[in-house]
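Below is work-v4.cif, holding mmCIF, C-alpha atoms.
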data_start
#
loop_
_atom_site.group_PDB
_atom_site.id
_atom_site.type_symbol
_atom_site.label_atom_id
_atom_site.label_comp_id
_atom_site.auth_asym_id
_atom_site.auth_seq_id
_atom_site.Cartn_x
_atom_site.Cartn_y
_atom_site.Cartn_z
ATOM 1 C CA MET A 1 79.369 108.113 70.824
ATOM 2 C CA SER A 2 76.134 106.712 72.252
ATOM 3 C CA ASP A 3 74.211 108.734 74.824
ATOM 4 C CA ASN A 4 74.012 105.501 76.833
ATOM 5 C CA PRO A 5 77.474 103.966 76.467
ATOM 6 C CA LEU A 6 78.220 100.650 78.094
ATOM 7 C CA VAL A 7 80.148 100.917 81.359
ATOM 8 C CA SER A 8 82.356 98.029 82.437
ATOM 9 C CA ILE A 9 82.548 97.769 86.220
ATOM 10 C CA ILE A 10 85.518 95.714 87.368
ATOM 11 C CA MET A 11 85.479 94.192 90.835
ATOM 12 C CA PRO A 12 88.347 92.132 92.278
ATOM 13 C CA CYS A 13 87.252 89.739 95.001
ATOM 14 C CA PHE A 14 89.353 87.973 97.611
ATOM 15 C CA ASN A 15 87.678 86.384 100.647
ATOM 16 C CA ALA A 16 84.863 88.941 100.567
ATOM 17 C CA ALA A 17 81.956 86.641 101.414
ATOM 18 C CA LYS A 18 80.903 88.903 104.309
ATOM 19 C CA TYR A 19 80.344 91.888 102.034
ATOM 20 C CA ILE A 20 80.065 91.028 98.371
ATOM 21 C CA GLU A 21 76.377 90.114 98.154
ATOM 22 C CA ASN A 22 75.339 93.384 99.771
ATOM 23 C CA THR A 23 77.742 95.334 97.533
ATOM 24 C CA ILE A 24 76.413 93.756 94.345
ATOM 25 C CA THR A 25 72.778 94.069 95.404
ATOM 26 C CA ARG A 26 73.286 97.794 96.029
ATOM 27 C CA LEU A 27 75.088 98.140 92.702
ATOM 28 C CA PHE A 28 72.016 96.956 90.811
ATOM 29 C CA GLU A 29 70.051 99.838 92.339
ATOM 30 C CA GLN A 30 71.908 102.249 90.018
ATOM 31 C CA THR A 31 69.583 104.495 88.014
ATOM 32 C CA TYR A 32 71.863 103.963 84.991
ATOM 33 C CA SER A 33 71.417 100.392 83.822
ATOM 34 C CA CYS A 34 73.705 100.103 80.789
ATOM 35 C CA PHE A 35 76.588 98.374 82.520
ATOM 36 C CA GLU A 36 78.318 95.039 82.856
ATOM 37 C CA LEU A 37 79.898 93.799 86.082
ATOM 38 C CA ILE A 38 83.059 91.726 85.736
ATOM 39 C CA VAL A 39 84.005 90.090 89.033
ATOM 40 C CA VAL A 40 87.438 88.497 89.187
ATOM 41 C CA ASP A 41 87.703 86.078 92.092
ATOM 42 C CA ASP A 42 91.354 86.174 93.089
ATOM 43 C CA GLY A 43 91.650 82.728 94.668
ATOM 44 C CA SER A 44 89.148 83.221 97.502
ATOM 45 C CA ARG A 45 89.151 80.539 100.193
ATOM 46 C CA ASP A 46 85.781 81.453 101.693
ATOM 47 C CA GLU A 47 82.276 81.273 100.186
ATOM 48 C CA SER A 48 82.806 84.219 97.823
ATOM 49 C CA LEU A 49 82.785 82.162 94.623
ATOM 50 C CA ALA A 50 79.608 80.282 95.569
ATOM 51 C CA ILE A 51 77.873 83.595 96.288
ATOM 52 C CA LEU A 52 79.080 85.048 92.985
ATOM 53 C CA ASN A 53 77.892 82.050 90.990
ATOM 54 C CA ARG A 54 74.462 82.312 92.604
ATOM 55 C CA LEU A 55 74.220 86.056 91.956
ATOM 56 C CA SER A 56 75.344 85.684 88.334
ATOM 57 C CA GLY A 57 72.368 83.393 87.775
ATOM 58 C CA TYR A 58 70.082 86.129 89.048
ATOM 59 C CA TYR A 59 71.763 89.122 87.386
ATOM 60 C CA PRO A 60 72.642 88.443 83.706
ATOM 61 C CA ALA A 61 74.956 91.494 83.631
ATOM 62 C CA ILE A 62 77.445 89.717 85.921
ATOM 63 C CA SER A 63 80.428 87.804 84.550
ATOM 64 C CA VAL A 64 82.511 85.807 87.026
ATOM 65 C CA VAL A 65 86.147 84.956 86.331
ATOM 66 C CA THR A 66 88.409 82.927 88.617
ATOM 67 C CA GLN A 67 92.173 82.892 88.970
ATOM 68 C CA ALA A 68 94.810 81.806 91.453
ATOM 69 C CA ASN A 69 95.624 84.517 93.970
ATOM 70 C CA GLN A 70 97.749 87.162 92.231
ATOM 71 C CA GLY A 71 96.645 90.393 93.871
ATOM 72 C CA ALA A 72 94.146 93.130 93.109
ATOM 73 C CA GLY A 73 96.210 94.693 90.320
ATOM 74 C CA ALA A 74 96.385 91.462 88.353
ATOM 75 C CA ALA A 75 92.679 90.830 88.954
ATOM 76 C CA ARG A 76 91.766 94.273 87.642
ATOM 77 C CA ASN A 77 93.943 93.769 84.565
ATOM 78 C CA VAL A 78 92.116 90.515 83.822
ATOM 79 C CA GLY A 79 88.854 92.432 84.074
ATOM 80 C CA LEU A 80 90.161 95.108 81.722
ATOM 81 C CA LYS A 81 91.002 92.500 79.082
ATOM 82 C CA LEU A 82 87.418 91.241 79.185
ATOM 83 C CA ALA A 83 85.737 94.652 79.408
ATOM 84 C CA ARG A 84 83.488 95.578 76.479
ATOM 85 C CA GLY A 85 82.487 99.016 77.723
ATOM 86 C CA GLU A 86 83.505 102.402 76.394
ATOM 87 C CA PHE A 87 83.910 103.593 79.980
ATOM 88 C CA VAL A 88 85.388 101.748 82.964
ATOM 89 C CA ALA A 89 84.814 102.035 86.697
ATOM 90 C CA PHE A 90 86.397 100.073 89.524
ATOM 91 C CA LEU A 91 84.506 98.983 92.616
ATOM 92 C CA ASP A 92 85.959 96.888 95.405
ATOM 93 C CA ALA A 93 83.903 94.088 96.900
ATOM 94 C CA ASP A 94 83.204 95.968 100.129
ATOM 95 C CA ASP A 95 82.624 99.537 98.900
ATOM 96 C CA GLY A 96 79.646 101.288 97.363
ATOM 97 C CA TRP A 97 78.167 104.071 95.263
ATOM 98 C CA ASP A 98 75.242 106.425 95.453
ATOM 99 C CA ALA A 99 72.418 105.226 93.193
ATOM 100 C CA GLU A 100 73.133 108.188 90.882
ATOM 101 C CA PHE A 101 76.872 107.510 90.538
ATOM 102 C CA LEU A 102 76.820 106.059 87.035
ATOM 103 C CA SER A 103 74.139 108.422 85.717
ATOM 104 C CA VAL A 104 76.002 111.534 86.822
ATOM 105 C CA MET A 105 79.499 110.356 85.906
ATOM 106 C CA VAL A 106 78.516 108.995 82.479
ATOM 107 C CA ALA A 107 76.697 112.232 81.626
ATOM 108 C CA GLU A 108 79.847 114.206 82.492
ATOM 109 C CA LEU A 109 82.071 112.112 80.217
ATOM 110 C CA VAL A 110 79.557 112.033 77.368
ATOM 111 C CA SER A 111 79.148 115.816 77.403
ATOM 112 C CA ASN A 112 82.929 116.406 77.520
ATOM 113 C CA PRO A 113 84.552 114.305 74.774
ATOM 114 C CA ASP A 114 88.035 115.732 75.453
ATOM 115 C CA VAL A 115 87.957 114.631 79.094
ATOM 116 C CA VAL A 116 89.693 111.322 79.846
ATOM 117 C CA LEU A 117 88.537 110.870 83.449
ATOM 118 C CA VAL A 118 85.893 112.257 85.791
ATOM 119 C CA TYR A 119 86.105 112.013 89.577
ATOM 120 C CA CYS A 120 83.727 112.781 92.423
ATOM 121 C CA GLY A 121 83.558 113.265 96.170
ATOM 122 C CA TRP A 122 83.426 110.417 98.655
ATOM 123 C CA GLN A 123 82.735 109.585 102.273
ATOM 124 C CA ASN A 124 84.479 107.221 104.671
ATOM 125 C CA LEU A 125 82.185 105.040 106.759
ATOM 126 C CA GLY A 126 83.036 102.905 109.786
ATOM 127 C CA LEU A 127 85.651 105.200 111.362
ATOM 128 C CA GLN A 128 85.434 107.866 114.047
ATOM 129 C CA ASP A 129 82.975 110.630 113.162
ATOM 130 C CA LYS A 130 85.737 113.163 112.505
ATOM 131 C CA PHE A 131 87.066 110.918 109.716
ATOM 132 C CA CYS A 132 83.651 110.287 108.150
ATOM 133 C CA ARG A 133 82.661 113.719 106.936
ATOM 134 C CA PRO A 134 81.669 113.910 103.250
ATOM 135 C CA TYR A 135 84.598 115.155 101.194
ATOM 136 C CA ILE A 136 84.734 116.962 97.862
ATOM 137 C CA PRO A 137 88.262 117.003 96.378
ATOM 138 C CA ASP A 138 89.817 120.012 94.704
ATOM 139 C CA ASP A 139 89.219 120.926 91.086
ATOM 140 C CA PHE A 140 92.717 119.928 90.052
ATOM 141 C CA GLU A 141 92.503 121.500 86.597
ATOM 142 C CA ARG A 142 92.132 124.891 88.312
ATOM 143 C CA LYS A 143 95.170 124.328 90.550
ATOM 144 C CA GLU A 144 98.745 123.214 89.970
ATOM 145 C CA LYS A 145 97.581 119.813 88.797
ATOM 146 C CA ILE A 146 100.986 118.175 88.452
ATOM 147 C CA LEU A 147 102.133 119.192 91.927
ATOM 148 C CA GLU A 148 98.812 118.386 93.609
ATOM 149 C CA ILE A 149 98.430 114.913 92.124
ATOM 150 C CA LEU A 150 102.109 114.076 92.560
ATOM 151 C CA ALA A 151 101.797 114.943 96.261
ATOM 152 C CA ALA A 152 99.100 112.400 97.140
ATOM 153 C CA CYS A 153 96.539 110.032 95.684
ATOM 154 C CA PRO A 154 93.770 112.461 94.660
ATOM 155 C CA TRP A 155 90.711 110.186 94.964
ATOM 156 C CA PRO A 156 89.974 106.528 95.813
ATOM 157 C CA ILE A 157 89.766 103.958 93.077
ATOM 158 C CA HIS A 158 85.965 103.781 93.070
ATOM 159 C CA ALA A 159 85.444 107.570 92.808
ATOM 160 C CA ALA A 160 86.307 107.824 89.107
ATOM 161 C CA LEU A 161 85.009 106.906 85.663
ATOM 162 C CA ILE A 162 87.595 106.551 82.894
ATOM 163 C CA ARG A 163 87.613 106.057 79.150
ATOM 164 C CA LYS A 164 88.749 102.494 78.529
ATOM 165 C CA ALA A 165 90.889 103.498 75.551
ATOM 166 C CA VAL A 166 92.978 105.692 77.847
ATOM 167 C CA ILE A 167 93.534 102.899 80.378
ATOM 168 C CA ASP A 168 94.584 100.586 77.559
ATOM 169 C CA GLN A 169 96.939 103.251 76.239
ATOM 170 C CA VAL A 170 98.820 103.576 79.560
ATOM 171 C CA GLY A 171 98.965 99.813 80.103
ATOM 172 C CA GLY A 172 96.574 99.231 82.996
ATOM 173 C CA PHE A 173 97.752 98.465 86.517
ATOM 174 C CA ASP A 174 101.301 97.826 87.677
ATOM 175 C CA GLU A 175 101.000 94.299 89.070
ATOM 176 C CA SER A 176 104.255 94.580 91.013
ATOM 177 C CA LEU A 177 102.613 96.978 93.489
ATOM 178 C CA THR A 178 100.881 95.651 96.606
ATOM 179 C CA SER A 179 99.270 99.025 97.365
ATOM 180 C CA CYS A 180 98.997 102.474 95.753
ATOM 181 C CA MET A 181 98.277 100.857 92.372
ATOM 182 C CA ASP A 182 95.375 103.250 91.842
ATOM 183 C CA TYR A 183 97.624 106.240 92.606
ATOM 184 C CA ASP A 184 100.117 104.932 90.058
ATOM 185 C CA LEU A 185 97.362 104.706 87.438
ATOM 186 C CA TRP A 186 96.008 108.193 88.194
ATOM 187 C CA LEU A 187 99.468 109.712 87.762
ATOM 188 C CA ARG A 188 99.788 108.152 84.325
ATOM 189 C CA ILE A 189 96.275 109.161 83.235
ATOM 190 C CA ALA A 190 95.384 112.397 85.004
ATOM 191 C CA ILE A 191 98.582 114.433 84.692
ATOM 192 C CA PRO A 192 98.869 114.291 80.881
ATOM 193 C CA GLY A 193 95.086 114.175 80.264
ATOM 194 C CA LEU A 194 92.151 116.517 80.873
ATOM 195 C CA ILE A 195 90.091 115.585 83.935
ATOM 196 C CA HIS A 196 86.820 116.927 85.336
ATOM 197 C CA ARG A 197 85.453 117.029 88.859
ATOM 198 C CA VAL A 198 81.858 116.144 89.710
ATOM 199 C CA GLU A 199 81.110 118.237 92.767
ATOM 200 C CA LYS A 200 78.984 115.619 94.519
ATOM 201 C CA VAL A 201 79.638 112.854 97.041
ATOM 202 C CA LEU A 202 78.811 109.696 95.095
ATOM 203 C CA ALA A 203 81.262 107.082 96.437
ATOM 204 C CA TYR A 204 81.440 105.397 99.840
ATOM 205 C CA TYR A 205 84.509 103.803 101.386
ATOM 206 C CA PHE A 206 83.588 101.247 104.039
ATOM 207 C CA HIS A 207 86.180 100.565 106.741
ATOM 208 C CA HIS A 208 85.858 97.281 108.634
ATOM 209 C CA ASP A 209 87.352 96.378 112.022
ATOM 210 C CA GLY A 210 88.889 99.809 112.439
ATOM 211 C CA ASP A 211 91.121 101.590 109.966
ATOM 212 C CA GLN A 212 92.731 99.105 107.558
ATOM 213 C CA ILE A 213 95.229 101.749 106.463
ATOM 214 C CA THR A 214 96.729 101.982 109.949
ATOM 215 C CA LYS A 215 97.709 98.315 109.797
ATOM 216 C CA ASN A 216 99.634 98.849 106.573
ATOM 217 C CA ARG A 217 101.235 102.254 107.151
ATOM 218 C CA LEU A 218 104.756 101.210 106.268
ATOM 219 C CA LYS A 219 103.843 99.317 103.108
ATOM 220 C CA ILE A 220 101.663 102.172 101.880
ATOM 221 C CA ALA A 221 104.273 104.841 102.667
ATOM 222 C CA LEU A 222 107.025 102.969 100.830
ATOM 223 C CA ASN A 223 104.837 102.096 97.847
ATOM 224 C CA HIS A 224 103.632 105.700 97.629
ATOM 225 C CA TRP A 225 107.228 106.922 97.462
ATOM 226 C CA HIS A 226 108.139 104.195 94.977
ATOM 227 C CA VAL A 227 105.267 105.249 92.698
ATOM 228 C CA GLN A 228 106.385 108.877 92.867
ATOM 229 C CA GLN A 229 109.983 107.994 91.982
ATOM 230 C CA LYS A 230 108.845 105.717 89.170
ATOM 231 C CA PHE A 231 106.716 108.495 87.681
ATOM 232 C CA LEU A 232 109.488 111.082 87.966
ATOM 233 C CA ARG A 233 111.981 108.768 86.268
ATOM 234 C CA ALA A 234 109.553 108.332 83.383
ATOM 235 C CA HIS A 235 108.797 112.077 83.222
ATOM 236 C CA PRO A 236 112.007 114.013 84.002
ATOM 237 C CA ASP A 237 110.408 117.135 82.526
ATOM 238 C CA VAL A 238 108.129 117.336 85.579
ATOM 239 C CA VAL A 239 111.059 118.415 87.769
ATOM 240 C CA ASN A 240 111.851 121.227 85.353
ATOM 241 C CA LYS A 241 108.224 122.352 85.294
ATOM 242 C CA ILE A 242 107.657 122.613 89.041
ATOM 243 C CA GLY A 243 111.208 122.849 90.426
ATOM 244 C CA LYS A 244 113.501 120.520 92.365
ATOM 245 C CA GLU A 245 112.664 121.965 95.789
ATOM 246 C CA ARG A 246 108.911 121.592 95.350
ATOM 247 C CA VAL A 247 109.289 118.075 93.994
ATOM 248 C CA ALA A 248 111.495 117.192 96.976
ATOM 249 C CA ASP A 249 108.900 118.613 99.378
ATOM 250 C CA VAL A 250 106.012 116.506 98.046
ATOM 251 C CA THR A 251 108.147 113.346 97.828
ATOM 252 C CA LYS A 252 110.908 113.142 100.441
ATOM 253 C CA GLY A 253 109.422 115.958 102.510
ATOM 254 C CA ARG A 254 106.114 114.141 102.664
ATOM 255 C CA LEU A 255 107.898 110.973 103.752
ATOM 256 C CA LEU A 256 109.764 112.894 106.474
ATOM 257 C CA ARG A 257 106.536 114.394 107.825
ATOM 258 C CA GLN A 258 105.032 110.929 107.857
ATOM 259 C CA ALA A 259 108.069 109.538 109.696
ATOM 260 C CA TYR A 260 107.667 112.145 112.433
ATOM 261 C CA LYS A 261 103.940 111.449 112.727
ATOM 262 C CA ASN A 262 104.620 107.733 113.058
ATOM 263 C CA PHE A 263 107.323 108.467 115.638
ATOM 264 C CA TRP A 264 105.031 110.568 117.824
ATOM 265 C CA ASP A 265 102.248 107.987 117.420
ATOM 266 C CA ARG A 266 104.875 105.457 118.576
ATOM 267 C CA ASP A 267 104.555 103.358 115.457
ATOM 268 C CA LEU A 268 108.286 102.811 115.801
ATOM 269 C CA ILE A 269 108.709 100.124 113.148
ATOM 270 C CA THR A 270 107.378 102.488 110.486
ATOM 271 C CA ALA A 271 109.197 105.534 111.879
ATOM 272 C CA GLN A 272 112.543 103.724 112.070
ATOM 273 C CA THR A 273 112.315 102.441 108.496
ATOM 274 C CA LEU A 274 111.360 105.837 107.091
ATOM 275 C CA PHE A 275 114.024 107.707 109.080
ATOM 276 C CA ARG A 276 116.675 105.287 107.796
ATOM 277 C CA LYS A 277 115.554 105.623 104.186
ATOM 278 C CA LEU A 278 115.584 109.424 104.371
ATOM 279 C CA LEU A 279 118.973 109.488 106.100
ATOM 280 C CA PHE A 280 120.541 107.313 103.419
ATOM 281 C CA SER A 281 118.932 109.454 100.704
ATOM 282 C CA GLY A 282 120.549 112.573 102.185
ATOM 283 C CA TYR A 283 117.250 114.361 102.861
ATOM 284 C CA PHE A 284 117.616 115.856 106.332
ATOM 285 C CA CYS A 285 118.754 118.899 108.259
ATOM 286 C CA ILE A 286 120.880 118.917 111.418
ATOM 287 C CA ALA A 287 117.822 118.909 113.700
ATOM 288 C CA ASP A 288 116.540 115.717 112.047
ATOM 289 C CA LEU A 289 119.663 113.767 113.039
ATOM 290 C CA LYS A 290 118.447 113.636 116.636
ATOM 291 C CA TYR A 291 115.707 111.295 115.404
ATOM 292 C CA MET A 292 117.427 109.668 112.443
ATOM 293 C CA LEU A 293 120.706 108.508 113.968
ATOM 294 C CA PRO A 294 119.070 106.408 116.742
ATOM 295 C CA ALA A 295 117.046 104.725 113.987
ATOM 296 C CA LEU A 296 120.274 103.081 112.800
ATOM 297 C CA LEU A 297 120.236 100.870 115.914
ATOM 298 C CA PRO A 298 118.767 97.366 115.752
ATOM 299 C CA TYR A 299 115.019 97.618 116.305
ATOM 300 C CA GLY A 300 115.060 96.140 119.817
ATOM 301 C CA LEU A 301 117.648 98.654 121.027
ATOM 302 C CA TYR A 302 115.859 101.477 119.221
ATOM 303 C CA ARG A 303 112.551 100.624 120.862
ATOM 304 C CA ASN A 304 114.135 100.288 124.312
ATOM 305 C CA LEU A 305 115.834 103.654 123.898
ATOM 306 C CA ILE A 306 112.539 105.361 123.083
ATOM 307 C CA VAL A 307 110.797 103.599 125.992
ATOM 308 C CA PHE A 308 113.596 104.739 128.335
ATOM 309 C CA PHE A 309 113.172 108.378 127.324
ATOM 310 C CA ASP A 310 109.376 108.079 127.514
ATOM 311 C CA ARG A 311 109.663 106.932 131.132
ATOM 312 C CA GLY A 312 111.991 109.805 131.892
ATOM 313 C CA ASP A 313 109.477 112.269 130.481
ATOM 314 C CA GLN A 314 106.736 110.828 132.702
ATOM 315 C CA LYS A 315 108.671 111.407 135.950
#

Kindly return the structure encoded in the file as structure tokens.
Amino acid sequence: MSDNPLVSIIMPCFNAAKYIENTITRLFEQTYSCFELIVVDDGSRDESLAILNRLSGYYPAISVVTQANQGAGAARNVGLKLARGEFVAFLDADDGWDAEFLSVMVAELVSNPDVVLVYCGWQNLGLQDKFCRPYIPDDFERKEKILEILAACPWPIHAALIRKAVIDQVGGFDESLTSCMDYDLWLRIAIPGLIHRVEKVLAYYFHHDGDQITKNRLKIALNHWHVQQKFLRAHPDVVNKIGKERVADVTKGRLLRQAYKNFWDRDLITAQTLFRKLLFSGYFCIADLKYMLPALLPYGLYRNLIVFFDRGDQK
């Protein structure tokens, strides 16, 4: 293995003209220069492609590929097919890295040949201050790794560096997913393989126009649960290793806690859908029925019922 292995950075792009030039310009400030950037334009309708073509003339390390809109998972898979690097990193068109990201992460993988993936800390930017504190994730190899990673996506997609051979081995991204595709990939790579934590904040997640996640709560919640169930079906031994009750708590229990949070936040569309799904799955206790049974009503009646009780509470 070379001490300076080539890193393939894969960047999907869809209508990112507002951000992509700044993202790419910052990327070329990395102290580690042995990388290629593969940008897959996923059918952008703005000026993204024109910007990319101009930048590729200035930076020879950039390759630009175009395709009809198929989603980020398909775009990343196209990038993986073209990648020549020994290591792979993913960077979205509006996110960023510390200038030392590649240097530190590459050094960690090079010095640990048995490690399949390294991950680092990150920081949200563009939200309320309380949500923008730098965050260092747990050292999952020192904890109950299977349970911890099954419970929730352990790090964002741009906070990891992975051996390309391992990504190829697990088959890349599931293109049927519209969210949580990174979580799905981490489950397939990180649970069976050895992973290392870099205890530094090296990745930055930029939020624009408020919290994008809030707008997609329902889709993310359902995809997250779908990914968990898909993984458990493929690995039935996991239930035996950590126990049915604990698996239920981090899957259906997590969904129930999210349903209640959505209910009290009055995101009733999300709450109603999650309550229904949990009721039909049989995951509830008697006290939950107070909230689940009304969710069987048509949405308009359900919403009016909640509004009626809210008014009563305000009197």

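The list of residues with at least one atom within 6 Å of A:Met11, based on all atoms listed in the file and without residues fewer than 6 positions apart in the same chain, reads Val39, Leu91 and Asp92 of chain A.
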
Please save C-alpha atoms of the selected residues as a PDB file, keeping the file's coordinate frame.
ATOM      1  CA  VAL A  39      84.005  90.090  89.033  1.00  0.00           C
ATOM      2  CA  LEU A  91      84.506  98.983  92.616  1.00  0.00           C
ATOM      3  CA  ASP A  92      85.959  96.888  95.405  1.00  0.00           C
TER       4      ASP A  92
END

Each residue of stretch 80-110 of chain A with at least one atom at most 12 Å from stretch 40-58 of chain A should appear once, together with its nearest atom pair and the corresponding distance in Å (one decimal); atoms considered: all atoms listed in the file; ordering: chain, then increasing residue number; output as CSV.
residue,atom,partner,partner_atom,distance
A:Leu80,CA,A:Val40,CA,10.3
A:Lys81,CA,A:Val40,CA,11.4
A:Leu82,CA,A:Val40,CA,10.4
A:Ala83,CA,A:Val40,CA,11.7
A:Phe90,CA,A:Val40,CA,11.6
A:Leu91,CA,A:Val40,CA,11.4
A:Asp92,CA,A:Val40,CA,10.5
A:Ala93,CA,A:Ser48,CA,10.0
A:Asp94,CA,A:Ser48,CA,12.0

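Across the structure, atom CA of A:Tyr59 and atom CA of A:Ile9 are spaced 13.9 Å apart.
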
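Coordinates place atom CA of A:Ile149 at a distance of 23.8 Å from atom CA of A:Ala74.
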
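Distances from A:Val88, A:Cys180, A:Ile269, A:Ala259 to A:Asp168 were compared using all atoms listed in the file, and the smallest one belongs to A:Val88.
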
For this session: Kindly extract all protein, DNA and RNA residues lying within 12 Å of the coordinates (105.6, 103.3, 100.4) given in the file, considering only C-alpha atoms, and supply them as a count of residues only.
Result: 33

Problem set entry | Residues returned when the PyMOL selection byres ((chain A and resi 260) around 10) runs on this file, as a PyMOL selection string | chain A and resi 255-259+261-268+270-272+274-275+288+291

Exercise. Residues at most 8 Å from A:Tyr204, counting all atoms listed in the file, excluding those fewer than 3 positions away in the same chain, as a list in words?
Worked result: Asp95, Gly96, Trp97, Asp98, Trp122, Gln123, Asn124 and Leu125 of chain A

Exercise. Hey, what comes out of the PyMOL selection byres ((chain A and resi 75) around 10) on this file? Could you write it as a ChimeraX atom specification?
Worked result: /A:10-14,39-43,65-74,76-80,173,175

Problem set entry | Point (96.2, 121.1, 85.9), cut-off 10 Å, counting only C-alpha atoms, residues as JSON, numbers by chain | {"A": [139, 140, 141, 142, 143, 144, 145, 146, 147, 148, 149, 190, 191, 192, 193, 194, 195]}

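With only C-alpha atoms as the atoms that count, the residue of A:Ile38, A:Arg84, A:Leu202, A:Asn22 with the shortest distance to A:Ala99 is A:Leu202.
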
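For the pair atom CA of A:Pro5 and atom CA of A:Leu102, the separation is 10.8 Å.
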
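With only C-alpha atoms as the basis for measurement, A:Cys120 is the residue among A:Ala17, A:Ile306, A:Val247, A:Cys120 that approaches A:Ala203 most closely.
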
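Closest to A:His207 among A:Leu27, A:Asn112, A:Tyr19, A:Ala234 is A:Tyr19, based on only C-alpha atoms.
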
Is it possible to add N, CA and C atoms to stretch 168-186 of chain A and hand it back as a PDB file, keeping the file's coordinate frame?
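The resulting file, part16.pdb, is reproduced below:
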ATOM      1  N   ASP A 168      93.830 101.494  78.430  1.00  0.00           N
ATOM      2  CA  ASP A 168      94.584 100.586  77.559  1.00  0.00           C
ATOM      3  C   ASP A 168      95.873 101.246  77.067  1.00  0.00           C
ATOM      4  N   GLN A 169      95.780 102.522  76.769  1.00  0.00           N
ATOM      5  CA  GLN A 169      96.939 103.251  76.239  1.00  0.00           C
ATOM      6  C   GLN A 169      98.084 103.311  77.245  1.00  0.00           C
ATOM      7  N   VAL A 170      97.763 103.467  78.542  1.00  0.00           N
ATOM      8  CA  VAL A 170      98.820 103.576  79.560  1.00  0.00           C
ATOM      9  C   VAL A 170      99.224 102.216  80.124  1.00  0.00           C
ATOM     10  N   GLY A 171      98.526 101.151  79.725  1.00  0.00           N
ATOM     11  CA  GLY A 171      98.965  99.813  80.103  1.00  0.00           C
ATOM     12  C   GLY A 171      98.346  99.230  81.350  1.00  0.00           C
ATOM     13  N   GLY A 172      97.249  99.815  81.842  1.00  0.00           N
ATOM     14  CA  GLY A 172      96.574  99.231  82.996  1.00  0.00           C
ATOM     15  C   GLY A 172      97.369  99.365  84.276  1.00  0.00           C
ATOM     16  N   PHE A 173      97.167  98.406  85.177  1.00  0.00           N
ATOM     17  CA  PHE A 173      97.752  98.465  86.517  1.00  0.00           C
ATOM     18  C   PHE A 173      99.137  97.829  86.563  1.00  0.00           C
ATOM     19  N   ASP A 174      99.977  98.388  87.409  1.00  0.00           N
ATOM     20  CA  ASP A 174     101.301  97.826  87.677  1.00  0.00           C
ATOM     21  C   ASP A 174     101.128  96.690  88.682  1.00  0.00           C
ATOM     22  N   GLU A 175     101.273  95.460  88.224  1.00  0.00           N
ATOM     23  CA  GLU A 175     101.000  94.299  89.070  1.00  0.00           C
ATOM     24  C   GLU A 175     102.089  94.043  90.101  1.00  0.00           C
ATOM     25  N   SER A 176     103.194  94.753  90.015  1.00  0.00           N
ATOM     26  CA  SER A 176     104.255  94.580  91.013  1.00  0.00           C
ATOM     27  C   SER A 176     103.939  95.297  92.320  1.00  0.00           C
ATOM     28  N   LEU A 177     102.959  96.204  92.297  1.00  0.00           N
ATOM     29  CA  LEU A 177     102.613  96.978  93.489  1.00  0.00           C
ATOM     30  C   LEU A 177     101.628  96.209  94.353  1.00  0.00           C
ATOM     31  N   THR A 178     101.818  96.273  95.671  1.00  0.00           N
ATOM     32  CA  THR A 178     100.881  95.651  96.606  1.00  0.00           C
ATOM     33  C   THR A 178      99.926  96.667  97.213  1.00  0.00           C
ATOM     34  N   SER A 179     100.176  97.941  96.990  1.00  0.00           N
ATOM     35  CA  SER A 179      99.270  99.025  97.365  1.00  0.00           C
ATOM     36  C   SER A 179      99.601 100.213  96.473  1.00  0.00           C
ATOM     37  N   CYS A 180      98.776 101.246  96.534  1.00  0.00           N
ATOM     38  CA  CYS A 180      98.997 102.474  95.753  1.00  0.00           C
ATOM     39  C   CYS A 180      98.926 102.243  94.248  1.00  0.00           C
ATOM     40  N   MET A 181      98.357 101.129  93.809  1.00  0.00           N
ATOM     41  CA  MET A 181      98.277 100.857  92.372  1.00  0.00           C
ATOM     42  C   MET A 181      97.302 101.808  91.686  1.00  0.00           C
ATOM     43  N   ASP A 182      96.279 102.266  92.420  1.00  0.00           N
ATOM     44  CA  ASP A 182      95.375 103.250  91.842  1.00  0.00           C
ATOM     45  C   ASP A 182      96.078 104.596  91.673  1.00  0.00           C
ATOM     46  N   TYR A 183      96.847 104.999  92.681  1.00  0.00           N
ATOM     47  CA  TYR A 183      97.624 106.240  92.606  1.00  0.00           C
ATOM     48  C   TYR A 183      98.570 106.217  91.404  1.00  0.00           C
ATOM     49  N   ASP A 184      99.217 105.094  91.201  1.00  0.00           N
ATOM     50  CA  ASP A 184     100.117 104.932  90.058  1.00  0.00           C
ATOM     51  C   ASP A 184      99.366 105.124  88.741  1.00  0.00           C
ATOM     52  N   LEU A 185      98.164 104.566  88.659  1.00  0.00           N
ATOM     53  CA  LEU A 185      97.362 104.706  87.438  1.00  0.00           C
ATOM     54  C   LEU A 185      96.908 106.145  87.240  1.00  0.00           C
ATOM     55  N   TRP A 186      96.478 106.798  88.325  1.00  0.00           N
ATOM     56  CA  TRP A 186      96.008 108.193  88.194  1.00  0.00           C
ATOM     57  C   TRP A 186      97.137 109.109  87.724  1.00  0.00           C
TER      58      TRP A 186
END
